[in-house]
Structures are given as C-alpha cells and as structure tokens.
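Undergrad: This one is entry20.cif, mmCIF, C-alpha atoms.
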```
data_work
#
loop_
_atom_site.label_atom_id
_atom_site.label_comp_id
_atom_site.auth_asym_id
_atom_site.auth_seq_id
_atom_site.Cartn_x
_atom_site.Cartn_y
_atom_site.Cartn_z
CA MET A 724 -5.17 95.26 -27.45
CA GLU A 725 -6.59 98.46 -28.97
CA ASP A 726 -3.84 98.65 -31.63
CA SER A 727 -4.08 94.94 -32.51
CA LYS A 728 -3.49 94.10 -36.18
CA LEU A 729 -5.71 90.99 -35.96
CA PRO A 730 -9.08 90.99 -37.75
CA MET A 731 -12.00 91.57 -35.38
CA ALA A 732 -13.54 88.09 -35.94
CA LEU A 733 -10.25 86.34 -35.19
CA ARG A 734 -9.64 88.55 -32.16
CA SER A 735 -13.06 87.81 -30.64
CA ASN A 736 -12.55 84.08 -31.34
CA LEU A 737 -9.17 84.16 -29.55
CA LEU A 738 -10.61 86.13 -26.62
CA ASP A 739 -13.40 83.58 -26.35
CA LEU A 740 -10.89 80.69 -26.35
CA PHE A 741 -8.66 82.34 -23.75
CA GLY A 742 -11.76 82.97 -21.65
CA GLN A 743 -12.52 79.25 -21.83
CA ILE A 744 -8.91 78.45 -20.81
CA GLU A 745 -9.15 80.82 -17.83
CA ARG A 746 -12.45 79.26 -16.70
CA GLU A 747 -11.01 75.73 -17.00
CA PHE A 748 -7.94 76.60 -14.91
CA GLU A 749 -10.08 78.45 -12.38
CA ASN A 750 -12.15 75.28 -11.95
CA LEU A 751 -8.95 73.23 -11.60
CA TYR A 752 -7.60 75.68 -9.00
CA LEU A 753 -10.80 75.51 -6.92
CA GLU A 754 -10.88 71.72 -7.18
CA ASN A 755 -7.22 71.57 -6.10
CA ILE A 756 -7.94 73.69 -2.99
CA GLU A 757 -10.86 71.41 -2.11
CA LEU A 758 -8.70 68.30 -2.52
CA ARG A 759 -5.97 69.82 -0.29
CA ARG A 760 -8.61 70.43 2.41
CA GLU A 761 -9.71 66.79 2.15
CA ILE A 762 -6.09 65.58 2.54
CA GLU A 763 -5.55 67.84 5.60
CA SER A 764 -8.76 66.62 7.29
CA LEU A 765 -7.76 63.00 6.56
CA ASN A 766 -4.35 63.56 8.19
CA GLU A 767 -5.97 65.21 11.22
CA ARG A 768 -8.35 62.26 11.61
CA LEU A 769 -5.48 59.77 11.42
CA ALA A 770 -3.42 61.77 13.97
CA GLY A 771 -6.42 61.91 16.35
CA GLU A 772 -6.67 58.12 16.25
CA GLY A 773 -2.99 57.90 17.25
CA GLN A 774 -1.97 56.52 13.90
CA THR A 775 0.67 58.54 12.17
CA VAL A 776 2.15 57.59 8.88
CA ASP A 777 5.74 58.09 10.18
CA GLY A 778 5.26 56.34 13.59
CA GLY A 779 6.42 52.84 14.49
CA ASP A 780 2.90 51.42 14.57
CA LEU A 781 2.30 47.86 13.37
CA THR A 782 -0.37 49.13 10.96
CA LYS A 783 2.17 51.41 9.29
CA GLY A 784 2.28 49.36 6.07
CA ALA A 785 -1.48 49.38 5.70
CA LEU A 786 -1.71 53.08 6.45
CA LYS A 787 1.06 53.89 4.04
CA THR A 788 -0.70 51.91 1.36
CA LYS A 789 -4.00 53.62 2.15
CA ALA A 790 -2.45 57.10 2.16
CA SER A 791 -0.44 56.54 -1.00
CA HIS A 792 -3.52 55.01 -2.65
CA SER A 793 -5.67 58.06 -1.82
CA THR A 794 -2.99 60.53 -2.92
CA SER A 795 -2.39 58.61 -6.18
CA GLN A 796 -6.16 58.70 -6.78
CA LEU A 797 -6.14 62.46 -6.18
CA SER A 798 -3.18 63.03 -8.50
CA GLN A 799 -4.84 60.83 -11.14
CA LYS A 800 -8.03 62.86 -10.83
CA LEU A 801 -6.06 66.07 -11.25
CA LYS A 802 -4.25 64.67 -14.29
CA THR A 803 -7.51 63.50 -15.90
CA THR A 804 -9.22 66.85 -15.32
CA TYR A 805 -6.19 68.70 -16.67
CA LYS A 806 -5.98 66.46 -19.76
CA ALA A 807 -9.71 66.87 -20.42
CA SER A 808 -9.51 70.66 -20.18
CA THR A 809 -6.38 70.97 -22.32
CA SER A 810 -7.75 68.58 -24.98
CA LYS A 811 -10.91 70.73 -25.09
CA ILE A 812 -8.75 73.78 -25.66
CA VAL A 813 -6.66 72.07 -28.37
CA SER A 814 -9.77 70.78 -30.16
CA SER A 815 -11.18 74.33 -30.08
CA PHE A 816 -8.09 75.56 -31.95
CA LYS A 817 -8.34 72.63 -34.41
CA ALA A 818 -12.02 73.39 -35.04
CA THR A 819 -11.14 77.02 -35.82
CA THR A 820 -8.69 76.00 -38.55
CA SER A 821 -11.05 73.30 -39.90
CA ARG A 822 -13.80 75.87 -40.34
CA ALA A 823 -11.65 77.88 -42.75
CA VAL A 824 -10.73 74.80 -44.80
CA CYS A 825 -14.14 73.03 -44.71
CA GLN A 826 -17.20 75.20 -45.24
CA LEU A 827 -20.90 74.39 -45.54
CA VAL A 828 -22.14 75.72 -48.88
CA LYS A 829 -25.68 74.40 -49.44
CA GLU A 830 -28.39 72.38 -47.71
CA TYR A 831 -30.74 70.19 -49.79
CA VAL A 832 -34.02 69.92 -47.88
CA GLY A 833 -37.24 68.27 -49.09
CA HIS A 834 -37.21 64.57 -48.19
CA ARG A 835 -39.76 63.46 -45.59
CA ASP A 836 -37.56 60.80 -43.99
CA GLY A 837 -33.87 59.98 -43.51
CA ILE A 838 -31.53 59.97 -46.53
CA TRP A 839 -29.57 56.72 -46.87
CA ASP A 840 -27.41 57.45 -49.89
CA LEU A 841 -26.34 60.11 -52.38
CA SER A 842 -24.21 60.45 -55.50
CA VAL A 843 -23.43 62.92 -58.29
CA THR A 844 -24.17 62.35 -61.98
CA ARG A 845 -21.20 61.36 -64.14
CA THR A 846 -22.45 63.21 -67.23
CA GLN A 847 -23.52 66.83 -67.86
CA PRO A 848 -25.59 68.42 -66.45
CA LEU A 849 -24.00 67.68 -63.05
CA VAL A 850 -26.77 67.15 -60.49
CA LEU A 851 -26.96 65.57 -57.03
CA GLY A 852 -29.07 62.44 -56.45
CA THR A 853 -30.42 61.36 -53.05
CA ALA A 854 -32.11 58.10 -51.93
CA SER A 855 -34.46 58.26 -48.96
CA ALA A 856 -36.50 56.11 -46.56
CA ASP A 857 -39.53 58.17 -47.71
CA HIS A 858 -39.73 55.81 -50.79
CA CYS A 859 -38.40 58.53 -53.14
CA ALA A 860 -35.19 59.47 -54.91
CA MET A 861 -34.59 63.13 -55.78
CA LEU A 862 -32.33 65.00 -58.18
CA TRP A 863 -31.12 68.44 -57.07
CA SER A 864 -29.48 71.50 -58.58
CA ILE A 865 -26.09 71.61 -56.83
CA GLU A 866 -25.88 75.42 -57.12
CA THR A 867 -29.40 76.48 -56.08
CA GLY A 868 -30.41 73.58 -53.80
CA LYS A 869 -33.72 73.18 -55.67
CA CYS A 870 -35.30 69.79 -56.38
CA LEU A 871 -35.29 69.19 -60.17
CA LEU A 872 -36.93 65.74 -60.31
CA LYS A 873 -38.48 63.17 -57.99
CA TYR A 874 -38.53 59.42 -58.69
CA ALA A 875 -41.50 57.75 -56.96
CA GLY A 876 -41.55 54.33 -58.61
CA HIS A 877 -40.53 52.27 -55.55
CA ALA A 878 -42.91 50.76 -52.99
CA GLY A 879 -40.31 50.78 -50.19
CA SER A 880 -37.38 52.74 -48.80
CA VAL A 881 -34.88 53.80 -51.50
CA ASN A 882 -31.53 52.61 -50.15
CA SER A 883 -29.03 53.66 -52.81
CA ILE A 884 -28.66 55.70 -55.99
CA LYS A 885 -25.95 55.49 -58.68
CA PHE A 886 -25.72 57.12 -62.13
CA HIS A 887 -24.84 55.56 -65.51
CA PRO A 888 -21.27 56.40 -66.66
CA THR A 889 -22.34 57.95 -69.99
CA GLU A 890 -26.16 58.18 -70.23
CA GLN A 891 -28.84 60.05 -68.27
CA MET A 892 -29.97 56.97 -66.36
CA ALA A 893 -30.17 56.29 -62.62
CA LEU A 894 -30.05 52.97 -60.73
CA THR A 895 -31.89 52.76 -57.39
CA ALA A 896 -32.11 49.88 -54.88
CA SER A 897 -35.11 49.50 -52.59
CA GLY A 898 -36.67 47.79 -49.62
CA ASP A 899 -39.41 46.57 -52.03
CA GLN A 900 -36.89 43.82 -53.04
CA THR A 901 -36.21 45.36 -56.47
CA ALA A 902 -33.70 47.62 -58.20
CA HIS A 903 -34.98 50.11 -60.79
CA ILE A 904 -33.26 51.73 -63.77
CA TRP A 905 -34.95 54.97 -64.84
CA ARG A 906 -34.20 57.74 -67.31
CA TYR A 907 -34.18 61.39 -66.33
CA MET A 908 -34.11 64.74 -68.11
CA VAL A 909 -33.49 67.84 -66.07
CA GLN A 910 -33.29 71.53 -66.85
CA LEU A 911 -30.82 73.34 -64.59
CA PRO A 912 -32.28 76.57 -63.15
CA LEU A 913 -30.46 79.81 -63.87
CA PRO A 914 -28.38 81.09 -60.94
CA GLN A 915 -30.56 83.43 -58.87
CA PRO A 916 -29.61 86.87 -57.53
CA PRO A 917 -28.44 86.82 -53.88
CA ALA A 918 -31.67 88.39 -52.60
CA ASP A 919 -33.72 85.41 -53.82
CA ILE A 920 -31.37 82.79 -52.35
CA SER A 921 -32.20 83.67 -48.74
CA ALA A 922 -35.90 83.54 -49.58
CA SER A 923 -35.51 80.13 -51.21
CA LEU A 924 -33.67 78.83 -48.13
CA ASP A 925 -36.60 79.93 -45.96
CA ASP A 926 -38.97 78.11 -48.31
CA ASP A 927 -36.87 74.96 -48.04
CA VAL A 928 -36.92 75.03 -44.25
CA ASP A 929 -40.69 75.49 -44.22
CA PHE A 930 -41.14 72.68 -46.74
CA SER A 931 -39.25 70.19 -44.55
CA ASP A 932 -41.70 70.86 -41.70
CA LYS A 933 -44.86 70.44 -43.80
CA ASP A 934 -46.83 67.25 -43.74
CA GLU A 935 -47.45 65.20 -46.87
CA ALA A 936 -50.73 66.84 -47.82
CA ASP A 937 -49.18 70.32 -47.81
CA GLY A 938 -46.22 69.08 -49.86
CA GLU A 939 -48.46 67.85 -52.66
CA ALA A 940 -50.18 71.23 -52.85
CA ASP A 941 -47.04 73.22 -53.52
CA GLY A 942 -48.18 73.98 -57.08
CA PRO A 943 -45.56 75.30 -59.53
CA ASN A 944 -42.72 74.81 -57.00
CA GLU A 945 -43.32 71.04 -56.80
CA CYS A 946 -40.63 69.32 -58.89
CA PRO A 947 -41.72 66.97 -61.72
CA THR A 948 -42.19 63.31 -60.75
CA VAL A 949 -41.22 60.13 -62.62
CA ARG A 950 -43.24 57.10 -61.48
CA VAL A 951 -42.32 54.35 -63.96
CA ALA A 952 -38.98 52.52 -64.27
CA THR A 953 -37.39 51.77 -67.64
CA THR A 954 -36.19 48.42 -66.23
CA THR A 955 -37.13 46.56 -63.04
CA LEU A 956 -34.67 43.99 -61.67
CA LYS A 957 -36.37 41.49 -59.38
CA SER A 958 -34.71 38.23 -58.35
CA HIS A 959 -33.98 38.98 -54.68
CA GLN A 960 -35.90 37.49 -51.76
CA GLY A 961 -35.11 40.38 -49.41
CA VAL A 962 -34.39 44.11 -49.18
CA VAL A 963 -32.04 45.35 -51.93
CA ILE A 964 -29.66 47.52 -49.93
CA ALA A 965 -27.31 48.76 -52.71
CA ALA A 966 -26.68 48.61 -56.46
CA ASP A 967 -23.97 49.85 -58.85
CA TRP A 968 -23.09 49.96 -62.57
CA LEU A 969 -20.19 47.86 -63.84
CA VAL A 970 -17.64 49.67 -66.02
CA GLY A 971 -19.23 50.47 -69.41
CA GLY A 972 -22.76 50.53 -67.96
CA LYS A 973 -24.00 47.35 -69.71
CA GLN A 974 -24.34 45.37 -66.46
CA VAL A 975 -25.32 46.18 -62.87
CA VAL A 976 -24.73 44.46 -59.54
CA THR A 977 -27.21 44.45 -56.64
CA ALA A 978 -26.65 43.55 -52.97
CA SER A 979 -29.44 42.21 -50.77
CA TRP A 980 -30.41 41.15 -47.27
CA ASP A 981 -31.05 37.70 -48.76
CA ARG A 982 -27.22 37.29 -48.42
CA ALA A 983 -26.65 37.28 -52.20
CA ALA A 984 -25.43 39.77 -54.81
CA ASN A 985 -26.86 39.56 -58.32
CA LEU A 986 -25.28 40.52 -61.63
CA TYR A 987 -27.79 41.62 -64.31
CA ASP A 988 -27.67 42.46 -68.00
CA VAL A 989 -29.15 45.96 -68.38
CA GLU A 990 -30.56 45.55 -71.91
CA THR A 991 -32.38 42.26 -71.29
CA SER A 992 -32.78 42.67 -67.48
CA GLU A 993 -31.76 38.99 -67.20
CA LEU A 994 -29.91 37.59 -64.19
CA VAL A 995 -26.35 36.69 -65.29
CA HIS A 996 -24.81 35.51 -61.98
CA THR A 997 -25.88 35.05 -58.38
CA LEU A 998 -22.94 35.72 -56.06
CA THR A 999 -23.33 33.65 -52.90
CA GLY A 1000 -21.02 33.03 -49.96
CA HIS A 1001 -21.74 35.72 -47.38
CA ASP A 1002 -23.13 34.28 -44.11
CA GLN A 1003 -25.31 37.27 -43.25
CA GLU A 1004 -27.12 40.19 -44.89
CA LEU A 1005 -25.20 42.31 -47.39
CA THR A 1006 -24.80 46.00 -46.58
CA HIS A 1007 -23.18 47.49 -49.69
CA CYS A 1008 -21.63 46.82 -53.10
CA CYS A 1009 -19.21 48.84 -55.21
CA THR A 1010 -17.69 48.44 -58.67
CA HIS A 1011 -14.19 49.35 -59.86
CA PRO A 1012 -14.08 52.51 -62.05
CA THR A 1013 -12.07 50.91 -64.89
CA GLN A 1014 -12.08 47.10 -64.41
CA ARG A 1015 -14.72 44.39 -64.08
CA LEU A 1016 -14.29 44.00 -60.32
CA VAL A 1017 -16.98 44.09 -57.63
CA VAL A 1018 -16.63 44.33 -53.86
CA THR A 1019 -19.51 43.36 -51.53
CA SER A 1020 -19.78 44.09 -47.78
CA SER A 1021 -21.75 42.19 -45.18
CA ARG A 1022 -22.91 41.96 -41.59
CA ASP A 1023 -20.80 38.77 -41.37
CA THR A 1024 -17.74 41.08 -40.73
CA THR A 1025 -16.19 40.32 -44.14
CA PHE A 1026 -16.05 41.87 -47.57
CA ARG A 1027 -15.55 39.92 -50.77
CA LEU A 1028 -13.79 40.81 -54.01
CA TRP A 1029 -15.39 39.30 -57.15
CA ASP A 1030 -13.37 39.25 -60.39
CA PHE A 1031 -15.27 39.18 -63.72
CA ARG A 1032 -12.35 40.16 -65.96
CA ASP A 1033 -12.19 36.64 -67.43
CA PRO A 1034 -15.69 35.87 -68.82
CA SER A 1035 -15.25 32.08 -68.45
CA ILE A 1036 -14.56 32.17 -64.67
CA HIS A 1037 -15.22 34.54 -61.82
CA SER A 1038 -12.95 34.27 -58.81
CA VAL A 1039 -13.69 35.47 -55.30
CA ASN A 1040 -11.46 36.56 -52.39
CA VAL A 1041 -12.72 36.88 -48.80
CA PHE A 1042 -11.27 39.54 -46.48
CA GLN A 1043 -11.65 39.25 -42.72
CA GLY A 1044 -10.20 42.47 -41.36
CA HIS A 1045 -13.06 43.69 -39.14
CA THR A 1046 -14.75 42.57 -35.92
CA ASP A 1047 -18.26 43.91 -36.69
CA THR A 1048 -20.52 44.64 -39.69
CA VAL A 1049 -18.63 45.99 -42.72
CA THR A 1050 -20.84 48.93 -43.72
CA SER A 1051 -19.06 49.65 -47.00
CA ALA A 1052 -15.96 48.82 -49.02
CA VAL A 1053 -15.01 51.01 -51.98
CA PHE A 1054 -12.41 51.03 -54.74
CA THR A 1055 -10.05 53.96 -55.21
CA VAL A 1056 -8.55 55.18 -58.45
CA GLY A 1057 -5.50 52.94 -58.37
CA ASP A 1058 -5.14 49.58 -56.68
CA ASN A 1059 -6.69 50.10 -53.25
CA VAL A 1060 -9.86 49.10 -51.44
CA VAL A 1061 -11.02 51.07 -48.38
CA SER A 1062 -13.41 49.37 -45.94
CA GLY A 1063 -15.44 50.92 -43.10
CA SER A 1064 -17.17 49.13 -40.25
CA ASP A 1065 -19.42 49.32 -37.20
CA ASP A 1066 -16.29 48.28 -35.26
CA ARG A 1067 -15.31 51.99 -35.55
CA THR A 1068 -12.36 51.38 -37.85
CA VAL A 1069 -11.56 52.10 -41.49
CA LYS A 1070 -8.90 50.00 -43.24
CA VAL A 1071 -6.95 50.64 -46.42
CA TRP A 1072 -5.98 47.57 -48.48
CA ASP A 1073 -3.69 47.00 -51.46
CA LEU A 1074 -5.37 44.92 -54.18
CA LYS A 1075 -2.05 43.25 -55.00
CA ASN A 1076 -1.57 42.05 -51.41
CA MET A 1077 -4.81 41.84 -49.45
CA ARG A 1078 -3.56 39.66 -46.57
CA SER A 1079 -3.38 42.59 -44.17
CA PRO A 1080 -4.33 46.29 -44.36
CA ILE A 1081 -1.67 48.88 -45.20
CA ALA A 1082 -3.34 51.44 -42.89
CA THR A 1083 -5.90 51.33 -40.07
CA ILE A 1084 -7.91 54.35 -38.89
CA ARG A 1085 -9.43 54.03 -35.40
CA THR A 1086 -12.35 56.31 -34.53
CA ASP A 1087 -14.84 56.83 -31.70
CA SER A 1088 -18.03 55.94 -33.60
CA ALA A 1089 -19.41 53.46 -36.14
CA VAL A 1090 -18.52 54.36 -39.74
CA ASN A 1091 -21.16 54.37 -42.50
CA ARG A 1092 -20.85 54.65 -46.33
CA ILE A 1093 -17.42 56.11 -47.02
CA SER A 1094 -16.08 57.69 -50.21
CA VAL A 1095 -12.58 58.44 -51.50
CA SER A 1096 -11.78 61.47 -53.68
CA ALA A 1097 -10.34 60.52 -57.06
CA ASN A 1098 -7.53 63.08 -57.37
CA GLN A 1099 -6.05 63.46 -53.88
CA ARG A 1100 -7.51 60.21 -52.49
CA ILE A 1101 -8.96 61.71 -49.31
CA ILE A 1102 -11.33 59.43 -47.37
CA ALA A 1103 -14.56 60.98 -46.04
CA LEU A 1104 -15.92 59.11 -42.99
CA PRO A 1105 -19.61 59.65 -42.09
CA HIS A 1106 -20.30 58.59 -38.48
CA ASP A 1107 -23.22 57.47 -36.33
CA ASN A 1108 -22.32 60.27 -33.88
CA ARG A 1109 -23.18 63.01 -36.47
CA GLN A 1110 -19.53 63.81 -37.26
CA VAL A 1111 -17.80 63.66 -40.66
CA ARG A 1112 -14.01 63.28 -40.62
CA LEU A 1113 -11.43 63.41 -43.42
CA PHE A 1114 -8.32 61.19 -43.52
CA ASP A 1115 -5.59 60.52 -46.05
CA MET A 1116 -4.73 57.03 -47.33
CA THR A 1117 -1.97 56.58 -44.75
CA GLY A 1118 -4.45 57.05 -41.90
CA VAL A 1119 -3.52 60.65 -40.99
CA ARG A 1120 -6.50 62.74 -39.87
CA LEU A 1121 -6.85 65.89 -41.96
CA ALA A 1122 -10.02 67.57 -40.66
CA ARG A 1123 -13.40 67.29 -39.03
CA LEU A 1124 -16.29 69.01 -40.80
CA PRO A 1125 -17.75 71.83 -38.68
CA ARG A 1126 -20.83 70.82 -36.68
CA SER A 1127 -22.85 72.93 -34.26
CA ASN A 1128 -26.49 73.70 -33.44
CA ARG A 1129 -26.56 76.05 -36.40
CA GLN A 1130 -24.87 73.92 -39.06
CA GLY A 1131 -23.96 70.33 -39.93
CA HIS A 1132 -25.93 67.14 -39.41
CA ARG A 1133 -28.23 66.77 -36.41
CA ARG A 1134 -28.64 62.99 -36.68
CA MET A 1135 -26.57 59.99 -37.86
CA VAL A 1136 -24.62 60.68 -41.08
CA CYS A 1137 -25.27 57.82 -43.53
CA CYS A 1138 -23.16 58.52 -46.60
CA SER A 1139 -20.52 60.76 -48.18
CA ALA A 1140 -19.77 61.41 -51.86
CA TRP A 1141 -16.95 63.41 -53.46
CA ASN A 1142 -17.42 65.45 -56.64
CA GLU A 1143 -14.17 67.13 -57.62
CA GLU A 1144 -15.54 68.50 -60.90
CA ASN A 1145 -17.53 71.13 -59.00
CA GLN A 1146 -15.17 73.65 -57.40
CA ALA A 1147 -17.75 75.29 -55.13
CA CYS A 1148 -19.27 72.06 -53.74
CA ASN A 1149 -16.84 69.14 -53.86
CA LEU A 1150 -18.14 66.93 -51.01
CA PHE A 1151 -21.70 65.89 -50.16
CA THR A 1152 -23.05 64.18 -47.06
CA CYS A 1153 -26.52 63.01 -46.05
CA GLY A 1154 -28.14 61.65 -42.93
CA PHE A 1155 -31.15 60.83 -40.86
CA ASP A 1156 -31.91 64.52 -40.27
CA ARG A 1157 -33.59 64.36 -43.75
CA GLN A 1158 -31.08 66.68 -45.37
CA ALA A 1159 -28.11 66.48 -47.70
CA ILE A 1160 -25.31 69.02 -47.31
CA GLY A 1161 -22.86 70.35 -49.91
CA TRP A 1162 -19.41 71.29 -48.56
CA ASN A 1163 -16.48 73.20 -49.96
CA ILE A 1164 -13.25 71.46 -48.94
CA ASN A 1165 -10.14 73.51 -49.72
CA ILE A 1166 -8.01 70.45 -50.52
CA PRO A 1167 -4.67 72.26 -51.16
CA ALA A 1168 -5.00 74.09 -47.80
CA LEU A 1169 -6.02 70.82 -46.11
CA LEU A 1170 -2.94 68.97 -47.38
CA GLN A 1171 -0.70 71.95 -46.56
CA GLU A 1172 -1.94 71.92 -42.92
CA LYS A 1173 -0.92 68.25 -42.69
#
```
Can the structure in the file be given as structure tokens, please?

TA:
Amino acid sequence: MEDSKLPMALRSNLLDLFGQIEREFENLYLENIELRREIESLNERLAGEGQTVDGGDLTKGALKTKASHSTSQLSQKLKTTYKASTSKIVSSFKATTSRAVCQLVKEYVGHRDGIWDLSVTRTQPLVLGTASADHCAMLWSIETGKCLLKYAGHAGSVNSIKFHPTEQMALTASGDQTAHIWRYMVQLPLPQPPADISASLDDDVDFSDKDEADGEADGPNECPTVRVATTTLKSHQGVVIAADWLVGGKQVVTASWDRAANLYDVETSELVHTLTGHDQELTHCCTHPTQRLVVTSSRDTTFRLWDFRDPSIHSVNVFQGHTDTVTSAVFTVGDNVVSGSDDRTVKVWDLKNMRSPIATIRTDSAVNRISVSANQRIIALPHDNRQVRLFDMTGVRLARLPRSNRQGHRRMVCCSAWNEENQACNLFTCGFDRQAIGWNINIPALLQEK
C-alpha cells in the first residue's frame, strides 16, 4: 500500500470502509458459530429423548416440521443480518460519492425558533428569506451568511415567505391570521477575507445560543428591523399557513387552517375570491410561474387545482392521490405538478392528464415542503427524519445530502428551495434546528452518476 497512487483522504476512507466490512463479517462469523452450537445441542437433546429426525417414530412429522422451522428461522436470521451489513456497506459507498456532488456551503444562524419556510428573491440583489416560528422573517446575504434585515411585524409564527416577481417586496403568512406585504431595501456586504469568515461563523454559533435579551444588545451587528407592513391582508378565521404571488404580482393567494384559500388584489388589498371545498385545514399553496393557476394542499389528503385564466369563471379540479396529509404541491416549469405527503410518498402529475400520477417516489419518512429546480427539474425532498433527498422527475433517486453530527440538519427539515442563478449555493434547506443551510449541488455530476 506504500506505493499507492490514491490520494491520502480517499485511501483512509477506503481503509475505514474495509475495516467496517471486516468487523461486520467477523460478527457474522461469530454469530454463525453460536448458531451451529445451538443446532448441535438441540440435536443432542432430541437424540437423548429417543426422538431422531430420521427414525420411524410417529412424531416424525411434527419433529421434522419443528426442526425445519428452527433451521429456516436460523437461515432467515443469517440472511437478514447479512443483508443489513451489506446494505450498510453499500450506503457507505453511496454517501462517499454524494459528499463530492453535494456539499454544505453556508449555515444561516440567528432565528430563535424553528424555520418553517425559505425562498430566494427573484430580483437583484439576490438574498435568502426565511420565515420562523419566532414571529420573525429574516433576509440573509447568501455569500456571507449575515442577516441583512429582520421583519418583525407579525404577532404570531411566520409560516411562509415569497418574493414579488419584479419588485423588492416580500409576502409573509402568519399564525396571527394575516398575511403581510412589506417592502425591503438591503445593502449586500462586501465579500470578507477568509480570516474573517471563520470568526463570523463563531459569532453566529454564539448568537444562536444567546437568549433574547442578549440578542437585542448586539449593537452594530444587529441587523435593521422593519416592523410595519405596506399591506395587511386579513379575512381568514384561522392560521394563515402559506401565501404566494400570482404571475405578474398584482394578486396574491393565501391558504389557511380555516379550510379556505383567499385571492386578494395587492393594490386595494380587497378580497377577490374565497376558494372553498377542502374538508380540512390547508397546508400549502403554490402559483404557476407563467399562468394564472393555483394549487392548494390540505390535511384532507387532496390537492386542488384552481384555474383563473378565464376571468369570468374559475374552474377547480380535485386530486386524490395520497392517503395522508398533502404537505405541499408545486408547479414545475412545464406542465407538471409534484405533490408530497405525510404518507411518505411524492407523486409527479401531468397537468394535461391528472387522473393518475406519471411517477411515484416512496420514502421512509414524511415529506415536507418540496421544491423542483427550474432547469434540470430535480426534486428536493425535505424529511421529518432530518434527511434531504434528491430525485429526478421519473422517480429515480439521485442523491442524499450529507448529514452527520458535524453537518446537516439536526431536527426535522421543513422546506427546500432551489436557486440556480447562484452557482456557489444553488439549494437551500431549513428546519426545526433553527438554521437554514446553503448547499452546492454539482448538477452535471449528479446526472452523470445516474
């Protein structure tokens, strides 16, 4: 091994993996010896009682059954143990390749409670927005990880954040039964020299552990706060769980636990339509990027497609493809809808024929707010079990984002958001560990691995 051409890091990783393989097979070998001893002692006991499996005893059938049953159990146990150990080994190799393709770039730390939602501005300057249970929304510098602005106008948990297609305006939905539209102006900080970045990361970690009183006393480092909305939308009788801009940005749609979605005029803040029909609380709403279409998701296991392209009528289609709460349904660039659910599945639908899904992804954990990349149409699945997985539109798994004690989310992952305009950080996730994470996904390498 001394004259190995492999890089040292790769070599040590391989040695570690082969060490794991050796330990697994050693355990299997020891367990096999123990099982052989048990079989021998069982045979001795049977022989001592004058009952032999090959003899002409009347109980032969029962004994045969018993013996074959115990041996089949043993072989099954061996198979299961072997499968478990080999799958561990295979997943270790997969994780190694995923790490090279999916890398953690930046952590955004500063919220005092879980982060429900996040999105990236659609106009320059490109900044990241987060919505948190701590009653605040924050805007962040993607490059430096610094908070640029805090919105503190809500009296309840901020459940979603979306940005206007052309203006510097944000739309937030809240547990205070309202949605707010507010204007922002941010100055992007200059990129800092590498020496300062490690110091700023330490500051961020300390800040997340401070209590509220310390946070307020941060002085010049405290980001500016906006406390007043430009427009307040209030017609709901329950928590507003999500909100989004319709194409053009002149109208918005809100989704609420009062089982209704509302369509508002932004300029007048008047209620244009109330969209009723869901049997239980709504969980999400999403608008089509280029057409006047809205999709709403609900705890009633359905999602509904609302069509406002003809101003005189609005039609609705109900889709019953899940067996538990639909946590989100989103449009893709093109004619697809992708829905995720607490039933641990994600389904891809064709808008032209929505009778049955064109692909179904089955996972091992409930799926939260999904997003689909515009260019390569890769679906990012945030899970209750702290994992984030990437799939293509045909249901083929592409990668799992690296997660360990040192990196990745430590609690439930609530939302994912793609941003292909930024090469360094093109995927963001957030969760109940109070942090948002920026990832670099090498999409060409990811698709090549497939």

Undergrad: Extract, using only C-alpha atoms, all DNA, RNA and protein residues at most 12 Å from Lys829 (chain A), discarding same-chain residues fewer than 3 positions from it, and format them as a PyMOL selection string.

TA: chain A and resi 826+832+851+863-869+920-921+923-924+927+1130-1131+1147-1153+1158-1163

Undergrad: Can you work out the spacing between CA of Thr1024 (chain A) and CA of Arg1123 (chain A) in Å, to one decimal?

TA: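 Rounded to one decimal, the two atoms are 26.6 Å apart.
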
Undergrad: Using all atoms listed in the file - which residues lie no farther than 7 Å from the point (-20.1, 34.7, -39.9) in the file's frame? Write them as a ChimeraX atom specification.

TA: /A:1002-1003,1023-1024

Undergrad: What is the CA of Asp1033 (chain A) to CA of Trp905 (chain A) distance in Å?

TA: 29.3 Å

Undergrad: To one decimal place, how far is CA of Lys885 (chain A) from CA of Pro1034 (chain A) in Å?

TA: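 Atom-to-atom, CA of Lys885 (chain A) and CA of Pro1034 (chain A) are spaced 24.4 Å apart.
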
Undergrad: Starting from the displayed file, determine the output of the PyMOL selection byres ((chain A and resi 1099) around 12) and express the residue list as an MDAnalysis selection string.

TA: chainID A and resid 1055:1057 1095:1098 1100:1103 1113:1116 1141:1143 1164:1167 1169:1170

Undergrad: Evaluate the PyMOL selection byres ((chain A and resi 871) around 6) against this structure - the residues, as a list in words, please.

TA: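 Applied to this file, the PyMOL selection byres ((chain A and resi 871) around 6) returns Leu862, Trp863, Cys870, Leu872 and Cys946 of chain A.
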
Undergrad: What would the selection look like, as a list of chain:residue names, if the PyMOL selection byres ((chain A and resi 1083) around 9) were run on the coordinates I just shared?

TA: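 Given this file, the PyMOL selection byres ((chain A and resi 1083) around 9) evaluates to A:Thr1068, A:Val1069, A:Lys1070, A:Val1071, A:Pro1080, A:Ile1081, A:Ala1082, A:Ile1084, A:Arg1085, A:Thr1117, A:Gly1118.
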